[in-house]
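Below is protein07.pdb, holding PDB, C-alpha atoms and all ligand atoms.
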MODEL        1
ATOM      1  CA  MET A   1    -103.350  49.943  17.500  1.00  0.00           C
ATOM      2  CA  ASN A   2    -105.265  50.166  20.760  1.00  0.00           C
ATOM      3  CA  ALA A   3    -103.695  47.319  22.685  1.00  0.00           C
ATOM      4  CA  PHE A   4    -106.021  48.031  25.608  1.00  0.00           C
ATOM      5  CA  ASN A   5    -108.905  46.677  23.515  1.00  0.00           C
ATOM      6  CA  ILE A   6    -107.297  43.253  23.722  1.00  0.00           C
ATOM      7  CA  ARG A   7    -106.830  43.582  27.474  1.00  0.00           C
ATOM      8  CA  ARG A   8    -110.450  44.668  27.938  1.00  0.00           C
ATOM      9  CA  ALA A   9    -111.826  41.872  25.752  1.00  0.00           C
ATOM     10  CA  TYR A  10    -109.955  39.244  27.781  1.00  0.00           C
ATOM     11  CA  SER A  11    -111.042  40.947  31.017  1.00  0.00           C
ATOM     12  CA  LYS A  12    -114.681  40.702  29.951  1.00  0.00           C
ATOM     13  CA  LYS A  13    -114.134  37.075  28.982  1.00  0.00           C
ATOM     14  CA  LYS A  14    -112.996  36.351  32.545  1.00  0.00           C
ATOM     15  CA  GLU A  15    -115.714  38.441  34.201  1.00  0.00           C
ATOM     16  CA  SER A  16    -118.493  36.929  32.114  1.00  0.00           C
ATOM     17  CA  ALA A  17    -117.032  33.391  31.923  1.00  0.00           C
ATOM     18  CA  TRP A  18    -117.080  33.406  28.133  1.00  0.00           C
ATOM     19  CA  ASP A  19    -115.760  30.260  26.476  1.00  0.00           C
ATOM     20  CA  LYS A  20    -114.067  32.066  23.636  1.00  0.00           C
ATOM     21  CA  ILE A  21    -112.670  35.251  22.206  1.00  0.00           C
ATOM     22  CA  TYR A  22    -113.473  35.932  18.547  1.00  0.00           C
ATOM     23  CA  TRP A  23    -110.733  37.728  16.639  1.00  0.00           C
ATOM     24  CA  PHE A  24    -111.840  39.225  13.307  1.00  0.00           C
ATOM     25  CA  ILE A  25    -108.762  39.814  11.184  1.00  0.00           C
ATOM     26  CA  ASP A  26    -108.447  41.414   7.777  1.00  0.00           C
ATOM     27  CA  PHE A  27    -105.807  39.974   5.412  1.00  0.00           C
ATOM     28  CA  HIS A  28    -104.579  42.565   2.911  1.00  0.00           C
ATOM     29  CA  ASP A  29    -102.376  45.223   4.537  1.00  0.00           C
ATOM     30  CA  THR A  30    -103.128  43.707   7.937  1.00  0.00           C
ATOM     31  CA  VAL A  31    -101.600  40.203   7.855  1.00  0.00           C
ATOM     32  CA  CYS A  32     -99.656  40.614   4.607  1.00  0.00           C
ATOM     33  CA  ARG A  33     -98.827  43.512   2.346  1.00  0.00           C
ATOM     34  CA  ALA A  34    -101.518  43.847  -0.332  1.00  0.00           C
ATOM     35  CA  ASP A  35    -100.411  43.447  -3.901  1.00  0.00           C
ATOM     36  CA  TYR A  36    -103.853  42.678  -5.329  1.00  0.00           C
ATOM     37  CA  GLY A  37    -102.249  40.140  -7.636  1.00  0.00           C
ATOM     38  CA  ASP A  38    -102.515  36.382  -7.738  1.00  0.00           C
ATOM     39  CA  ALA A  39    -104.043  35.059  -4.504  1.00  0.00           C
ATOM     40  CA  ALA A  40    -102.332  31.708  -5.087  1.00  0.00           C
ATOM     41  CA  LYS A  41     -98.835  33.118  -4.764  1.00  0.00           C
ATOM     42  CA  THR A  42     -96.822  33.191  -1.560  1.00  0.00           C
ATOM     43  CA  HIS A  43     -97.467  36.326   0.435  1.00  0.00           C
ATOM     44  CA  GLU A  44     -95.083  38.234   2.644  1.00  0.00           C
ATOM     45  CA  PHE A  45     -96.208  38.393   6.256  1.00  0.00           C
ATOM     46  CA  PHE A  46     -95.787  41.599   8.179  1.00  0.00           C
ATOM     47  CA  PRO A  47     -93.183  41.230  10.934  1.00  0.00           C
ATOM     48  CA  ASN A  48     -94.352  38.881  13.709  1.00  0.00           C
ATOM     49  CA  ALA A  49     -97.800  38.347  12.135  1.00  0.00           C
ATOM     50  CA  GLU A  50     -97.179  34.696  11.323  1.00  0.00           C
ATOM     51  CA  ARG A  51     -95.924  33.921  14.843  1.00  0.00           C
ATOM     52  CA  VAL A  52     -98.884  35.630  16.539  1.00  0.00           C
ATOM     53  CA  LEU A  53    -101.474  34.065  14.251  1.00  0.00           C
ATOM     54  CA  ARG A  54     -99.981  30.600  14.640  1.00  0.00           C
ATOM     55  CA  THR A  55    -100.029  30.998  18.421  1.00  0.00           C
ATOM     56  CA  LEU A  56    -103.649  32.183  18.386  1.00  0.00           C
ATOM     57  CA  SER A  57    -104.606  29.298  16.076  1.00  0.00           C
ATOM     58  CA  GLU A  58    -103.403  26.814  18.693  1.00  0.00           C
ATOM     59  CA  LYS A  59    -105.490  28.289  21.510  1.00  0.00           C
ATOM     60  CA  LYS A  60    -108.706  26.441  22.338  1.00  0.00           C
ATOM     61  CA  ASP A  61    -110.402  29.605  23.586  1.00  0.00           C
ATOM     62  CA  VAL A  62    -109.786  31.575  20.388  1.00  0.00           C
ATOM     63  CA  SER A  63    -111.628  31.528  17.068  1.00  0.00           C
ATOM     64  CA  LEU A  64    -110.050  33.413  14.208  1.00  0.00           C
ATOM     65  CA  VAL A  65    -112.406  34.837  11.605  1.00  0.00           C
ATOM     66  CA  LEU A  66    -111.078  36.175   8.327  1.00  0.00           C
ATOM     67  CA  TRP A  67    -112.578  39.628   7.870  1.00  0.00           C
ATOM     68  CA  THR A  68    -112.149  40.417   4.216  1.00  0.00           C
ATOM     69  CA  CYS A  69    -113.759  41.907   1.137  1.00  0.00           C
ATOM     70  CA  SER A  70    -111.866  39.569  -1.211  1.00  0.00           C
ATOM     71  CA  HIS A  71    -113.831  37.490  -3.716  1.00  0.00           C
ATOM     72  CA  ALA A  72    -114.828  33.947  -2.788  1.00  0.00           C
ATOM     73  CA  ASP A  73    -112.274  32.117  -4.980  1.00  0.00           C
ATOM     74  CA  ASP A  74    -109.408  34.223  -3.652  1.00  0.00           C
ATOM     75  CA  ILE A  75    -110.610  33.774  -0.086  1.00  0.00           C
ATOM     76  CA  GLN A  76    -110.431  29.985  -0.301  1.00  0.00           C
ATOM     77  CA  THR A  77    -106.935  30.213  -1.784  1.00  0.00           C
ATOM     78  CA  LEU A  78    -105.812  32.482   1.061  1.00  0.00           C
ATOM     79  CA  VAL A  79    -107.415  30.323   3.754  1.00  0.00           C
ATOM     80  CA  ASP A  80    -105.756  27.212   2.302  1.00  0.00           C
ATOM     81  CA  TRP A  81    -102.371  28.930   2.054  1.00  0.00           C
ATOM     82  CA  LEU A  82    -102.601  30.197   5.641  1.00  0.00           C
ATOM     83  CA  ARG A  83    -103.488  26.697   6.841  1.00  0.00           C
ATOM     84  CA  THR A  84    -100.259  25.348   5.311  1.00  0.00           C
ATOM     85  CA  ARG A  85     -98.478  27.844   7.608  1.00  0.00           C
ATOM     86  CA  GLY A  86    -100.306  26.624  10.726  1.00  0.00           C
ATOM     87  CA  ILE A  87    -102.759  29.518  10.725  1.00  0.00           C
ATOM     88  CA  VAL A  88    -106.370  28.413  10.947  1.00  0.00           C
ATOM     89  CA  PHE A  89    -109.261  30.722  10.224  1.00  0.00           C
ATOM     90  CA  CYS A  90    -112.476  29.042  11.346  1.00  0.00           C
ATOM     91  CA  TYR A  91    -114.849  31.279   9.393  1.00  0.00           C
ATOM     92  CA  VAL A  92    -114.937  34.067   6.853  1.00  0.00           C
ATOM     93  CA  ASN A  93    -116.944  37.233   7.552  1.00  0.00           C
ATOM     94  CA  GLU A  94    -119.324  35.393   9.862  1.00  0.00           C
ATOM     95  CA  ASN A  95    -119.550  33.882  13.288  1.00  0.00           C
ATOM     96  CA  PRO A  96    -122.071  31.050  13.287  1.00  0.00           C
ATOM     97  CA  GLU A  97    -121.024  30.051  16.814  1.00  0.00           C
ATOM     98  CA  VAL A  98    -123.045  32.882  18.356  1.00  0.00           C
ATOM     99  CA  ALA A  99    -126.761  32.631  17.741  1.00  0.00           C
ATOM    100  CA  ASP A 100    -129.303  35.406  17.702  1.00  0.00           C
ATOM    101  CA  SER A 101    -131.019  36.107  20.977  1.00  0.00           C
ATOM    102  CA  ARG A 102    -134.038  38.114  22.053  1.00  0.00           C
ATOM    103  CA  LEU A 103    -131.861  41.218  22.205  1.00  0.00           C
ATOM    104  CA  SER A 104    -129.314  40.556  19.452  1.00  0.00           C
ATOM    105  CA  CYS A 105    -129.465  39.801  15.744  1.00  0.00           C
ATOM    106  CA  TYR A 106    -126.102  38.847  14.200  1.00  0.00           C
ATOM    107  CA  GLU A 107    -127.329  38.502  10.633  1.00  0.00           C
ATOM    108  CA  LYS A 108    -125.545  41.638   9.429  1.00  0.00           C
ATOM    109  CA  LYS A 109    -123.179  42.356  12.326  1.00  0.00           C
ATOM    110  CA  PRO A 110    -121.419  39.201  13.439  1.00  0.00           C
ATOM    111  CA  TYR A 111    -120.484  38.819  17.083  1.00  0.00           C
ATOM    112  CA  MET A 112    -116.804  39.745  17.539  1.00  0.00           C
ATOM    113  CA  ASN A 113    -114.478  40.749  20.368  1.00  0.00           C
ATOM    114  CA  ILE A 114    -111.270  41.946  18.724  1.00  0.00           C
ATOM    115  CA  VAL A 115    -110.893  43.455  15.243  1.00  0.00           C
ATOM    116  CA  LEU A 116    -107.604  43.949  13.403  1.00  0.00           C
ATOM    117  CA  ASP A 117    -107.970  45.852  10.137  1.00  0.00           C
ATOM    118  CA  ASP A 118    -105.696  48.356   8.456  1.00  0.00           C
ATOM    119  CA  LYS A 119    -108.779  50.372   7.553  1.00  0.00           C
ATOM    120  CA  ALA A 120    -109.492  50.662  11.268  1.00  0.00           C
ATOM    121  CA  GLY A 121    -105.993  51.868  12.116  1.00  0.00           C
ATOM    122  CA  PHE A 122    -104.033  48.645  12.439  1.00  0.00           C
ATOM    123  CA  CYS A 123    -100.436  48.991  11.166  1.00  0.00           C
ATOM    124  CA  GLY A 124     -98.973  45.588  10.422  1.00  0.00           C
ATOM    125  CA  ASP A 125     -95.772  47.078   9.026  1.00  0.00           C
ATOM    126  CA  ASP A 126     -95.260  49.410  11.992  1.00  0.00           C
ATOM    127  CA  GLY A 127     -94.889  46.926  14.829  1.00  0.00           C
ATOM    128  CA  ASP A 128     -98.500  46.236  15.772  1.00  0.00           C
ATOM    129  CA  TRP A 129     -98.008  42.455  15.614  1.00  0.00           C
ATOM    130  CA  PHE A 130     -95.224  42.838  18.186  1.00  0.00           C
ATOM    131  CA  LEU A 131     -97.550  44.915  20.391  1.00  0.00           C
ATOM    132  CA  ILE A 132    -100.123  42.127  20.283  1.00  0.00           C
ATOM    133  CA  GLU A 133     -97.569  39.561  21.432  1.00  0.00           C
ATOM    134  CA  GLU A 134     -96.421  41.883  24.237  1.00  0.00           C
ATOM    135  CA  GLU A 135     -99.993  42.518  25.333  1.00  0.00           C
ATOM    136  CA  LEU A 136    -100.958  38.838  25.307  1.00  0.00           C
ATOM    137  CA  LYS A 137     -97.873  38.051  27.369  1.00  0.00           C
ATOM    138  CA  ALA A 138     -98.651  40.902  29.775  1.00  0.00           C
ATOM    139  CA  ILE A 139    -102.159  39.567  30.444  1.00  0.00           C
ATOM    140  CA  GLY A 140    -101.091  35.909  30.639  1.00  0.00           C
ATOM    141  CA  GLU A 141    -102.742  34.840  27.388  1.00  0.00           C
ATOM    142  CA  TRP A 142     -99.704  33.943  25.272  1.00  0.00           C
TER     143      TRP A 142
HETATM  144 MG    MG B 201    -107.036  45.594   4.363  1.00  0.00          MG
ENDMDL
END
With the file now loaded, output its structure as structure tokens.
Amino acid sequence: MNAFNIRRAYSKKKESAWDKIYWFIDFHDTVCRADYGDAAKTHEFFPNAERVLRTLSEKKDVSLVLWTCSHADDIQTLVDWLRTRGIVFCYVNENPEVADSRLSCYEKKPYMNIVLDDKAGFCGDDGDWFLIEEELKAIGEW
């Protein structure tokens, strides 16, 4: 994982006086190991994922967006299950908080600041959730 992306996103937030940071986070093989079975079952978090996501969920200047290709029924089951663990995803695959402008259209590419996805190199089972906690602590955002 490129931890410096997190540092840079929070730097830009300060420089540009943004209200929020939008984290787009995949579920399968990013938050929990994918088994592609029953979405209603209990999933096994990767080490430190639950702690980091719960901490981010409590921050007023963070919106978590579930970034997933799962089907709609499974998505709702996952979102509900995560909520029982204190992890709150505000949206799924969209960010309605940021409107189109003269220069930007977010219809097909939602506005996002930080992306965690195993298909983009994130390794939930190789310590990346610990790196995120370290980085957030290092920049005073934990
Ligand atoms: Mg995945």
- Message: Just checking: using all atoms listed in the file, which residue out of A:Ala72, A:Ala138, A:Cys123, A:Val88 ends up closest to A:Lys59?
- Response: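 Result for the nearest residue to A:Lys59: A:Val88.
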Please report as a Markdown table every residue of chain A lying within 7 Å of ligand MG 201 (chain B), along with the nearest atom pair and their distance in Å (one decimal), using all atoms listed in the file.
| residue | atom | partner | partner_atom | distance |
| --- | --- | --- | --- | --- |
| A:Asp26 | CA | B:MG201 | MG | 5.6 |
| A:Phe27 | CA | B:MG201 | MG | 5.8 |
| A:His28 | CA | B:MG201 | MG | 4.2 |
| A:Asp29 | CA | B:MG201 | MG | 4.7 |
| A:Thr30 | CA | B:MG201 | MG | 5.6 |
| A:Asp117 | CA | B:MG201 | MG | 5.9 |
| A:Asp118 | CA | B:MG201 | MG | 5.1 |
| A:Lys119 | CA | B:MG201 | MG | 6.0 |
- Could you write out as a list in words the residues that the PyMOL selection byres (((chain A and resi 38) around 12) and not hetatm) matches in the shown file?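 Here the PyMOL selection byres (((chain A and resi 38) around 12) and not hetatm) matches Ala34, Asp35, Tyr36, Gly37, Ala39, Ala40, Lys41, Thr42, His43, Ser70, Asp73, Asp74, Ile75, Thr77 and Leu78 of chain A.
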- Pairwise distance for atom CA of A:Ser11 and atom CA of A:Leu136, rounded to one decimal in Å: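 That distance, rounded to one decimal, is 11.8 Å.
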- Query: What does the distance between atom CA of A:Phe46 and atom CA of A:Asp126 come to in Å, to one decimal place?
  - Reply: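 Computing it gives 8.7 Å between the two atoms.
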- Item | Selected residue, from A:Ala3, A:Ala9, A:Cys90, A:Leu64, that lies nearest to A:Tyr22 when counting all atoms listed in the file |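 Under the stated criterion, the closest residue is A:Leu64.
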- Query: Interatomic distance between atom CA of A:Lys137 and atom CA of A:Leu82?
  - Reply: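 The value is 23.6 Å.
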- Expanded to explicit residues, what is the PyMOL selection byres (((chain A and resi 98) around 12) and not hetatm) for this file, as a list in words?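 Applied to this file, the PyMOL selection byres (((chain A and resi 98) around 12) and not hetatm) returns Trp18, Asp19, Lys20, Ile21, Tyr22, Ser63, Glu94, Asn95, Pro96, Glu97, Ala99, Asp100, Ser101, Ser104, Cys105, Tyr106, Glu107, Lys109, Pro110, Tyr111, Met112 and Asn113 of chain A.
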Closest atom pairs, stretch 22-141 of chain A residues within 10 Å of stretch 5-8 of chain A, all atoms listed in the file, as JSON lines:
{"residue": "A:Trp23", "atom": "CA", "partner": "A:Ile6", "partner_atom": "CA", "distance": 9.6}
{"residue": "A:Asn113", "atom": "CA", "partner": "A:Ile6", "partner_atom": "CA", "distance": 8.3}
{"residue": "A:Ile114", "atom": "CA", "partner": "A:Ile6", "partner_atom": "CA", "distance": 6.5}
{"residue": "A:Val115", "atom": "CA", "partner": "A:Asn5", "partner_atom": "CA", "distance": 9.1}
{"residue": "A:Ile132", "atom": "CA", "partner": "A:Ile6", "partner_atom": "CA", "distance": 8.0}
{"residue": "A:Glu135", "atom": "CA", "partner": "A:Arg7", "partner_atom": "CA", "distance": 7.2}
{"residue": "A:Leu136", "atom": "CA", "partner": "A:Arg7", "partner_atom": "CA", "distance": 7.9}
{"residue": "A:Ala138", "atom": "CA", "partner": "A:Arg7", "partner_atom": "CA", "distance": 8.9}
{"residue": "A:Ile139", "atom": "CA", "partner": "A:Arg7", "partner_atom": "CA", "distance": 6.8}
{"residue": "A:Glu141", "atom": "CA", "partner": "A:Arg7", "partner_atom": "CA", "distance": 9.7}
- Query: Taking only C-alpha atoms into account, which of A:Phe4, A:Trp129, A:Trp81, A:Tyr10 comes nearest A:Ile25?
  - Reply: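 Residue with the minimum atom-to-atom distance to A:Ile25: A:Trp129.
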- Message: Measuring between all atoms listed in the file, which one of A:Ala17, A:Lys108, A:Gly86, A:Val92 shows the shortest distance to A:Val52?
- Response: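 Selected residue with least distance to A:Val52: A:Gly86.
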- Query: In terms of the shortest atom-to-atom distance over all atoms listed in the file, which of A:Cys32, A:Val65, A:Leu53, A:Leu116 is closest to A:Ile87?
  - Reply: A:Leu53
